[in-house]
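Asks: Please see the structure below; I have some questions.
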Amino acid sequence: MAKTLLIISGGVEAADAVKRAKEMGLDVVCSDINPEAPGFAIADSALIADVYGPSDTAAAAERFHTKIRKIDGVICVAADAPLTVAAVNTRLGLKGLSQRSAELACDKLAMKMRFAECGVPVPWFSAVNTAQELMRIVAEKGRDFVIKPVDSRGSRGVQRLTHVSDLGKAFLFARQHSPTQRVMVEAYLPGPQVSTESVVVDGVCYTPGFSDRNYEFLDKYAPYFIENGGDLPSHLPQTIQDRIKEVQGMAAAALGVTRGTVKGDIVVHEGQVYVIELAARLSGGFFCTREIPLNTGVDFVGCAIRVALGENPTAEELTPKYQKHVIQRYAFPKAGKVVAISGGDAARAVEGVVEVNVTAKLGDIIPGAGDKRPSAAMVLAMGPTREVALASAEKALAQLRIETR
Ligand SMILES: Nc1ncnc2c1ncn2[C@@H]1O[C@H](COP(=O)(O)OP(=O)(O)OP(=O)(O)O)[C@@H](O)[C@H]1O
Ligand SMILES: [Mg+2]
């Protein structure tokens, strides 16, 4: 009998994972609070449950598991909800992400303390309880810091202190984005940034996902960090790439992730590798669903699904078969209300373009930087060289017209 997989989140990126699971012959249950979630259209069963409500989803999963069909494994795609995965695992007695690992993964302060204890290199960091405390740190150590909410996501409230004029306001802005009202600072480490994504199989960490993050708008959007895409394969020297993979494995072990997936935000500063964050989930932004398979030929999502179901993919299956050039770029219209959208088909027709995803809809509000990613569309292009792939991506972006007012 086919095994049953629960996929938490039915968003557009998660729908790719639903499709992959269906191709693998699995029975797929998808959970989301939005009855219109795209994943529901292709899944076998739907659970209406809040992705960010661990007990809500766990209760719905348990009802399904006992009354309808046994669930054999659970994954969460393109949503940052490890606590929900852990709650389902605990409730159904499944192997996989534990409550303790999920708690560490959702709390940047607890995570960094754990990393420091385990010898995983991290930037200097400290909790900041009041604006006065922030001012004391700045008086003592200068402004070369990043302030951030301890438990938010999507870069919301993350700011570079060298680029803010009012420290009190920066503190309040970071705090406003923390559900638990907690804030921290970290040394700002300039240098190339990398997104990494791994599948951990019985404690062995394989990292086929490796992308240079593109931050060409760092100054334009300062004090906020807005990534506008990524380049695969990485241009970093092999020795650094090897070290990044080693550090990623140490970080996964420090969080206690022995089976599952982890997604790293890594910075290389003066030749040394540091972990900014390790998320205990599958990535969003089409990284695991599209970029990694196009770049390496590794069926990342398929391997992650099998691990969740208690199976062990082989080292060969998790090792890149090749390194094709893939470029991802986002379109960032001016902040405002979206009043016209066109050019999607023209962008898709550009040679080398493999995906154009227009996420903005008429009437949507494109926010200013600092709150939410101000993107409206994403393009993926491939080519025989990085330059050719990049030219295709840029040509596709130029075809897209997303007007805001
Ligand atoms: N100490 C640091 N040094 C250099 N860059 C940093 C540092 N901290 C954060 N950044 C930059 O800011 C981005 C967002 O920070 P962080 O990952 O902590 O927040 P987040 O809310 O989890 O954002 P995201 O979902 O984009 O990863 C990082 O991906 C990185 O580019
Ligand atoms: Mg992050």
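The chains in the structure tokens are called A, B, ... from first to last as shown; in each chain the residues are counted from 1, and the ligands are counted from 1 in the order shown.
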Determine, counting only C-alpha atoms, which protein, DNA and RNA residues have an atom within 8 Å of an atom of Gly260 in chain A; residues of the same chain fewer than 6 positions away are not included. Present the result as a PyMOL selection string.
Replies: chain A and resi 96-97+199-201+280-281+304+307-308
Asks: For the residues in that selection, give me N, CA and C atoms as a PDB file, in the first residue's frame.
Replies:
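Okay, out.pdb is ready:
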```pdb
ATOM      1  N   GLY A  96      11.973  12.005  13.192  1.00  0.00           N
ATOM      2  CA  GLY A  96      12.106  13.279  12.485  1.00  0.00           C
ATOM      3  C   GLY A  96      12.354  14.386  13.476  1.00  0.00           C
ATOM      4  N   LEU A  97      12.123  15.620  13.035  1.00  0.00           N
ATOM      5  CA  LEU A  97      12.461  16.781  13.853  1.00  0.00           C
ATOM      6  C   LEU A  97      11.823  16.702  15.246  1.00  0.00           C
ATOM      7  N   VAL A 199      20.369  17.532   3.233  1.00  0.00           N
ATOM      8  CA  VAL A 199      19.545  16.442   3.753  1.00  0.00           C
ATOM      9  C   VAL A 199      20.424  15.688   4.745  1.00  0.00           C
ATOM     10  N   VAL A 200      19.911  15.485   5.950  1.00  0.00           N
ATOM     11  CA  VAL A 200      20.663  14.751   6.963  1.00  0.00           C
ATOM     12  C   VAL A 200      20.058  13.347   7.070  1.00  0.00           C
ATOM     13  N   VAL A 201      20.931  12.353   6.855  1.00  0.00           N
ATOM     14  CA  VAL A 201      20.477  10.958   6.888  1.00  0.00           C
ATOM     15  C   VAL A 201      21.225  10.248   8.013  1.00  0.00           C
ATOM     16  N   ALA A 280      15.538  24.639  10.274  1.00  0.00           N
ATOM     17  CA  ALA A 280      15.320  23.185  10.261  1.00  0.00           C
ATOM     18  C   ALA A 280      14.098  22.868   9.419  1.00  0.00           C
ATOM     19  N   ARG A 281      14.221  23.085   8.131  1.00  0.00           N
ATOM     20  CA  ARG A 281      13.067  22.900   7.237  1.00  0.00           C
ATOM     21  C   ARG A 281      13.573  22.902   5.803  1.00  0.00           C
ATOM     22  N   ALA A 304      14.284  14.339   0.496  1.00  0.00           N
ATOM     23  CA  ALA A 304      13.762  14.833   1.784  1.00  0.00           C
ATOM     24  C   ALA A 304      12.486  14.081   2.164  1.00  0.00           C
ATOM     25  N   VAL A 307      13.392  10.607   3.442  1.00  0.00           N
ATOM     26  CA  VAL A 307      13.908  10.647   4.818  1.00  0.00           C
ATOM     27  C   VAL A 307      12.749  10.792   5.804  1.00  0.00           C
ATOM     28  N   ALA A 308      11.790  11.668   5.453  1.00  0.00           N
ATOM     29  CA  ALA A 308      10.642  11.864   6.347  1.00  0.00           C
ATOM     30  C   ALA A 308       9.842  10.570   6.508  1.00  0.00           C
TER      31      ALA A 308
END
```
Asks: Name all residues at most 7 Å from Val350 in chain A (count only C-alpha atoms; drop same-chain ones fewer than 3 positions away) and give them as a ChimeraX atom specification.
Replies: /A:346-347,353,392,396
Asks: Can you tell me, as a PyMOL selection string, what residues are no more than 7 Å from Leu255 in chain A when counting only C-alpha atoms, ignoring any on the same chain fewer than 2 positions away?
Replies: chain A and resi 101+104+251-253+257
Asks: Looking only at the backbone, which of the residues in range 104-322 of chain A does DSSP tag as strand (DSSP E), as a PyMOL selection string?
Replies: chain A and resi 125-128+145-149+159-160+183-187+193-201+204-213+229-232+260-269+272-279
Asks: Check every protein, DNA and RNA residue against ligand 1, keep those with an atom at most 7 Å away (counting only C-alpha atoms and all ligand atoms), and present them as a PyMOL selection string.
Replies: chain A and resi 123+145-146+148+152-156+158+186-190+193+225+265+267+276-277
Asks: Check the smallest atom-to-atom distance from each of A:Tyr224, A:Asp219, A:Val358, A:Arg69 to Met1 in chain A using only C-alpha atoms, then report the winner.
Replies: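 Of all the options, A:Arg69 lies closest to Met1 in chain A.
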Asks: Please provide as a ChimeraX atom specification all residues within 12 Å of Lys245 in chain A, with the sequence filter that same-chain residues fewer than 6 positions apart are discarded (counting only C-alpha atoms).
Replies: /A:194-200,204-210,238-239,251-252,262-266,273-275
Asks: Next, the residues of the selection above should be written as a compact mmCIF listing (two decimals), in the first residue's frame with N, CA and C atoms.
Replies:
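Output saved as selection35.txt:
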```
# COMPACT_ATOMS: atom_id res chain seq x y z
N VAL A 194 26.12 32.85 1.41
CA VAL A 194 25.78 31.62 0.71
C VAL A 194 24.51 31.04 1.33
N SER A 195 23.63 30.52 0.48
CA SER A 195 22.51 29.70 0.97
C SER A 195 22.90 28.26 0.76
N THR A 196 22.74 27.47 1.79
CA THR A 196 23.08 26.04 1.68
C THR A 196 21.87 25.23 2.10
N GLU A 197 21.70 24.08 1.47
CA GLU A 197 20.60 23.24 1.91
C GLU A 197 21.03 21.78 1.90
N SER A 198 20.74 21.11 3.00
CA SER A 198 21.23 19.75 3.20
C SER A 198 20.12 18.79 3.55
N VAL A 199 20.37 17.53 3.23
CA VAL A 199 19.54 16.44 3.75
C VAL A 199 20.42 15.69 4.74
N VAL A 200 19.91 15.49 5.95
CA VAL A 200 20.66 14.75 6.96
C VAL A 200 20.06 13.35 7.07
N VAL A 204 24.41 11.93 9.00
CA VAL A 204 25.35 12.32 7.95
C VAL A 204 24.70 13.44 7.12
N CYS A 205 25.42 14.57 7.02
CA CYS A 205 24.85 15.76 6.39
C CYS A 205 25.35 15.89 4.95
N TYR A 206 24.45 15.81 3.99
CA TYR A 206 24.79 15.99 2.57
C TYR A 206 24.29 17.36 2.14
N THR A 207 25.14 18.14 1.47
CA THR A 207 24.76 19.51 1.12
C THR A 207 24.82 19.75 -0.39
N PRO A 208 23.86 19.22 -1.14
CA PRO A 208 23.88 19.49 -2.58
C PRO A 208 23.43 20.91 -2.91
N GLY A 209 22.72 21.57 -1.98
CA GLY A 209 22.21 22.92 -2.24
C GLY A 209 23.24 23.96 -1.86
N PHE A 210 23.70 24.72 -2.85
CA PHE A 210 24.80 25.66 -2.60
C PHE A 210 24.68 26.81 -3.57
N GLN A 238 37.00 26.01 -3.88
CA GLN A 238 36.56 24.70 -3.41
C GLN A 238 36.86 24.50 -1.92
N THR A 239 38.02 24.99 -1.47
CA THR A 239 38.37 24.78 -0.05
C THR A 239 37.34 25.46 0.86
N ALA A 251 26.63 22.41 12.44
CA ALA A 251 25.47 23.19 12.90
C ALA A 251 24.23 22.30 13.01
N ALA A 252 24.04 21.41 12.03
CA ALA A 252 22.89 20.50 12.08
C ALA A 252 22.99 19.61 13.32
N VAL A 262 18.09 20.79 6.54
CA VAL A 262 18.46 22.08 7.13
C VAL A 262 18.85 23.04 6.03
N LYS A 263 18.55 24.32 6.27
CA LYS A 263 18.84 25.37 5.28
C LYS A 263 19.70 26.42 5.98
N GLY A 264 20.90 26.65 5.46
CA GLY A 264 21.83 27.55 6.14
C GLY A 264 21.93 28.91 5.48
N ASP A 265 22.10 29.94 6.32
CA ASP A 265 22.54 31.27 5.85
C ASP A 265 23.97 31.40 6.36
N ILE A 266 24.90 31.44 5.43
CA ILE A 266 26.32 31.40 5.79
C ILE A 266 26.99 32.66 5.26
N VAL A 273 34.49 31.00 7.79
CA VAL A 273 33.07 30.69 7.57
C VAL A 273 32.29 30.87 8.87
N TYR A 274 31.16 31.58 8.80
CA TYR A 274 30.30 31.79 9.98
C TYR A 274 28.86 31.44 9.63
N VAL A 275 28.14 30.93 10.63
CA VAL A 275 26.72 30.62 10.43
C VAL A 275 25.89 31.80 10.94
```
Asks: As an exercise, work out the distance from CA of Ser55 in chain A to CA of Ala41 in chain A in Å and give it to one decimal place.
Replies: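 Between CA of Ser55 in chain A and CA of Ala41 in chain A the gap works out to 24.5 Å.
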Asks: So what do you get for CA of Asp80 in chain A versus CA of Gln241 in chain A, distance-wise?
Replies: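 So the two atoms, CA of Asp80 in chain A and CA of Gln241 in chain A, lie 25.5 Å apart.
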Asks: Report the distance between CA of Met184 in chain A and CA of Asp166 in chain A in Å, rounded to one decimal place.
Replies: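 Interatomic distance, CA of Met184 in chain A to CA of Asp166 in chain A: 16.5 Å.
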Asks: Might you pull out every residue within 6 Å of range 2-8 of chain A, with only C-alpha atoms counted and same-chain residues fewer than 6 positions away left off, and present them as a ChimeraX atom specification?
Replies: /A:26-31,71-76
Asks: Deliver the residues from the most recent selection as a file, using N, CA and C atoms, as an mmCIF file, in the first residue's frame.
Replies:
```cif
data_model
loop_
_atom_site.group_PDB
_atom_site.id
_atom_site.type_symbol
_atom_site.label_atom_id
_atom_site.label_comp_id
_atom_site.auth_asym_id
_atom_site.auth_seq_id
_atom_site.Cartn_x
_atom_site.Cartn_y
_atom_site.Cartn_z
ATOM 1 N N LEU A 26 2.968 8.412 -3.765
ATOM 2 C CA LEU A 26 2.517 8.530 -2.375
ATOM 3 C C LEU A 26 1.086 9.061 -2.307
ATOM 4 N N ASP A 27 0.442 8.768 -1.197
ATOM 5 C CA ASP A 27 -0.827 9.418 -0.866
ATOM 6 C C ASP A 27 -0.454 10.720 -0.171
ATOM 7 N N VAL A 28 -0.951 11.833 -0.662
ATOM 8 C CA VAL A 28 -0.498 13.115 -0.124
ATOM 9 C C VAL A 28 -1.627 13.853 0.577
ATOM 10 N N VAL A 29 -1.344 14.209 1.826
ATOM 11 C CA VAL A 29 -2.250 15.058 2.598
ATOM 12 C C VAL A 29 -1.568 16.410 2.706
ATOM 13 N N CYS A 30 -2.315 17.468 2.449
ATOM 14 C CA CYS A 30 -1.722 18.796 2.491
ATOM 15 C C CYS A 30 -2.478 19.597 3.547
ATOM 16 N N SER A 31 -1.743 20.398 4.344
ATOM 17 C CA SER A 31 -2.449 21.203 5.347
ATOM 18 C C SER A 31 -2.165 22.677 5.158
ATOM 19 N N ILE A 71 -0.597 8.239 8.803
ATOM 20 C CA ILE A 71 0.389 9.141 8.177
ATOM 21 C C ILE A 71 1.778 8.586 8.494
ATOM 22 N N ASP A 72 2.622 8.437 7.456
ATOM 23 C CA ASP A 72 3.938 7.823 7.652
ATOM 24 C C ASP A 72 5.068 8.834 7.821
ATOM 25 N N GLY A 73 4.831 10.086 7.407
ATOM 26 C CA GLY A 73 5.892 11.080 7.526
ATOM 27 C C GLY A 73 5.337 12.461 7.258
ATOM 28 N N VAL A 74 6.106 13.487 7.692
ATOM 29 C CA VAL A 74 5.648 14.864 7.515
ATOM 30 C C VAL A 74 6.820 15.755 7.112
ATOM 31 N N ILE A 75 6.568 16.653 6.168
ATOM 32 C CA ILE A 75 7.569 17.679 5.831
ATOM 33 C C ILE A 75 6.855 19.030 5.735
ATOM 34 N N CYS A 76 7.686 20.067 5.812
ATOM 35 C CA CYS A 76 7.158 21.418 5.722
ATOM 36 C C CYS A 76 7.953 22.128 4.627
#
```
Asks: Which residues, written as a list of chain:residue names, have at least one atom at most 9 Å from Gly119 in chain A, with only C-alpha atoms counted and residues fewer than 5 positions away on the same chain left out?
Replies: A:Arg114, A:Met250, A:Ala251, A:Ala254
Asks: Could you write out the selected residues, including N, CA and C atoms, as a PDB file, in the first residue's frame?
Replies:
```pdb
ATOM      1  N   ARG A 114      23.673  27.782  21.496  1.00  0.00           N
ATOM      2  CA  ARG A 114      23.959  26.360  21.286  1.00  0.00           C
ATOM      3  C   ARG A 114      25.144  26.196  20.331  1.00  0.00           C
ATOM      4  N   MET A 250      28.220  20.495  11.225  1.00  0.00           N
ATOM      5  CA  MET A 250      28.382  20.748  12.670  1.00  0.00           C
ATOM      6  C   MET A 250      27.147  21.460  13.225  1.00  0.00           C
ATOM      7  N   ALA A 251      26.632  22.408  12.441  1.00  0.00           N
ATOM      8  CA  ALA A 251      25.475  23.192  12.897  1.00  0.00           C
ATOM      9  C   ALA A 251      24.232  22.302  13.008  1.00  0.00           C
ATOM     10  N   ALA A 254      24.576  20.296  16.078  1.00  0.00           N
ATOM     11  CA  ALA A 254      24.379  21.121  17.280  1.00  0.00           C
ATOM     12  C   ALA A 254      22.884  21.303  17.566  1.00  0.00           C
TER      13      ALA A 254
END
```
Asks: Nearest to ligand 2 among A:Glu36, A:Asp107, A:Glu23, A:Asp44, with distances taken over only C-alpha atoms and all ligand atoms: which residue is it?
Replies: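 Residue with the minimum atom-to-atom distance to ligand 2: A:Asp107.
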Asks: Write down as a ChimeraX atom specification the residues belonging to range 214-381 of chain A that are assigned alpha helix (DSSP H) by DSSP computed on the backbone.
Replies: /A:218-221,238-254,292-296,300-308,344-348
Asks: With C-alpha atoms retained, write the just-selected residues as an mmCIF file, in the first residue's frame.
Replies:
```cif
data_model
loop_
_atom_site.group_PDB
_atom_site.id
_atom_site.type_symbol
_atom_site.label_atom_id
_atom_site.label_comp_id
_atom_site.auth_asym_id
_atom_site.auth_seq_id
_atom_site.Cartn_x
_atom_site.Cartn_y
_atom_site.Cartn_z
ATOM 1 C CA LEU A 218 22.552 46.197 -0.153
ATOM 2 C CA ASP A 219 23.202 49.960 -0.271
ATOM 3 C CA LYS A 220 19.950 50.868 -1.975
ATOM 4 C CA TYR A 221 17.840 49.182 0.701
ATOM 5 C CA GLN A 238 36.556 24.702 -3.408
ATOM 6 C CA THR A 239 38.370 24.777 -0.046
ATOM 7 C CA ILE A 240 35.889 27.356 1.266
ATOM 8 C CA GLN A 241 32.952 25.393 -0.135
ATOM 9 C CA ASP A 242 34.231 22.274 1.625
ATOM 10 C CA ARG A 243 34.586 24.183 4.886
ATOM 11 C CA ILE A 244 31.035 25.556 4.526
ATOM 12 C CA LYS A 245 29.700 22.032 4.119
ATOM 13 C CA GLU A 246 31.667 20.900 7.170
ATOM 14 C CA VAL A 247 30.317 23.806 9.260
ATOM 15 C CA GLN A 248 26.791 23.107 8.025
ATOM 16 C CA GLY A 249 27.111 19.512 9.297
ATOM 17 C CA MET A 250 28.382 20.748 12.670
ATOM 18 C CA ALA A 251 25.475 23.192 12.897
ATOM 19 C CA ALA A 252 22.886 20.501 12.082
ATOM 20 C CA ALA A 253 24.389 18.250 14.763
ATOM 21 C CA ALA A 254 24.379 21.121 17.280
ATOM 22 C CA ILE A 292 18.955 22.614 -6.741
ATOM 23 C CA PRO A 293 17.555 20.011 -9.193
ATOM 24 C CA LEU A 294 18.329 22.238 -12.213
ATOM 25 C CA ASN A 295 21.848 22.973 -10.951
ATOM 26 C CA THR A 296 22.858 19.485 -9.776
ATOM 27 C CA PHE A 300 16.319 17.152 -3.339
ATOM 28 C CA VAL A 301 12.632 17.174 -2.451
ATOM 29 C CA GLY A 302 12.289 13.479 -3.317
ATOM 30 C CA CYS A 303 15.198 12.640 -0.998
ATOM 31 C CA ALA A 304 13.762 14.833 1.784
ATOM 32 C CA ILE A 305 10.409 13.089 1.438
ATOM 33 C CA ARG A 306 12.012 9.664 1.672
ATOM 34 C CA VAL A 307 13.908 10.647 4.818
ATOM 35 C CA ALA A 308 10.642 11.864 6.347
ATOM 36 C CA GLY A 344 4.900 37.429 -18.306
ATOM 37 C CA ASP A 345 4.659 35.546 -21.602
ATOM 38 C CA ALA A 346 7.350 37.672 -23.242
ATOM 39 C CA ALA A 347 9.636 36.959 -20.275
ATOM 40 C CA ARG A 348 8.932 33.222 -20.555
#
```
Asks: Taking only C-alpha atoms into account, name the residue in A:Leu400, A:Leu390, A:Asn228, A:Pro313 that is nearest to Ser375 in chain A.
Replies: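 For Ser375 in chain A, the nearest of the candidates is A:Asn228.
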Asks: Which residue, A:Glu387, A:Gly297, A:Thr289, A:Val150, has the smallest gap to Glu317 in chain A when you use only C-alpha atoms?
Replies: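 The closest residue to Glu317 in chain A is A:Gly297.
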Asks: Which of these residues is nearest to Pro374 in chain A, using only C-alpha atoms: A:Asp144, A:Glu311, A:Glu227, A:Glu103?
Replies: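 The answer is A:Glu227, which sits nearest to Pro374 in chain A.
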Asks: So that I can check the surroundings of His325 in chain A, please list as number ranges by chain every protein, DNA and RNA residue that reaches within 8 Å of it, counting only C-alpha atoms and ignoring chain neighbours fewer than 5 positions away.
Replies: A: 231-233, 295, 382-386, 389
Asks: Between A:Cys106, A:Val354, A:Ala349, A:Ala335, which one has atoms that come closest to ligand 2, using only C-alpha atoms and all ligand atoms?
Replies: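 The answer is A:Cys106, which sits nearest to ligand 2.
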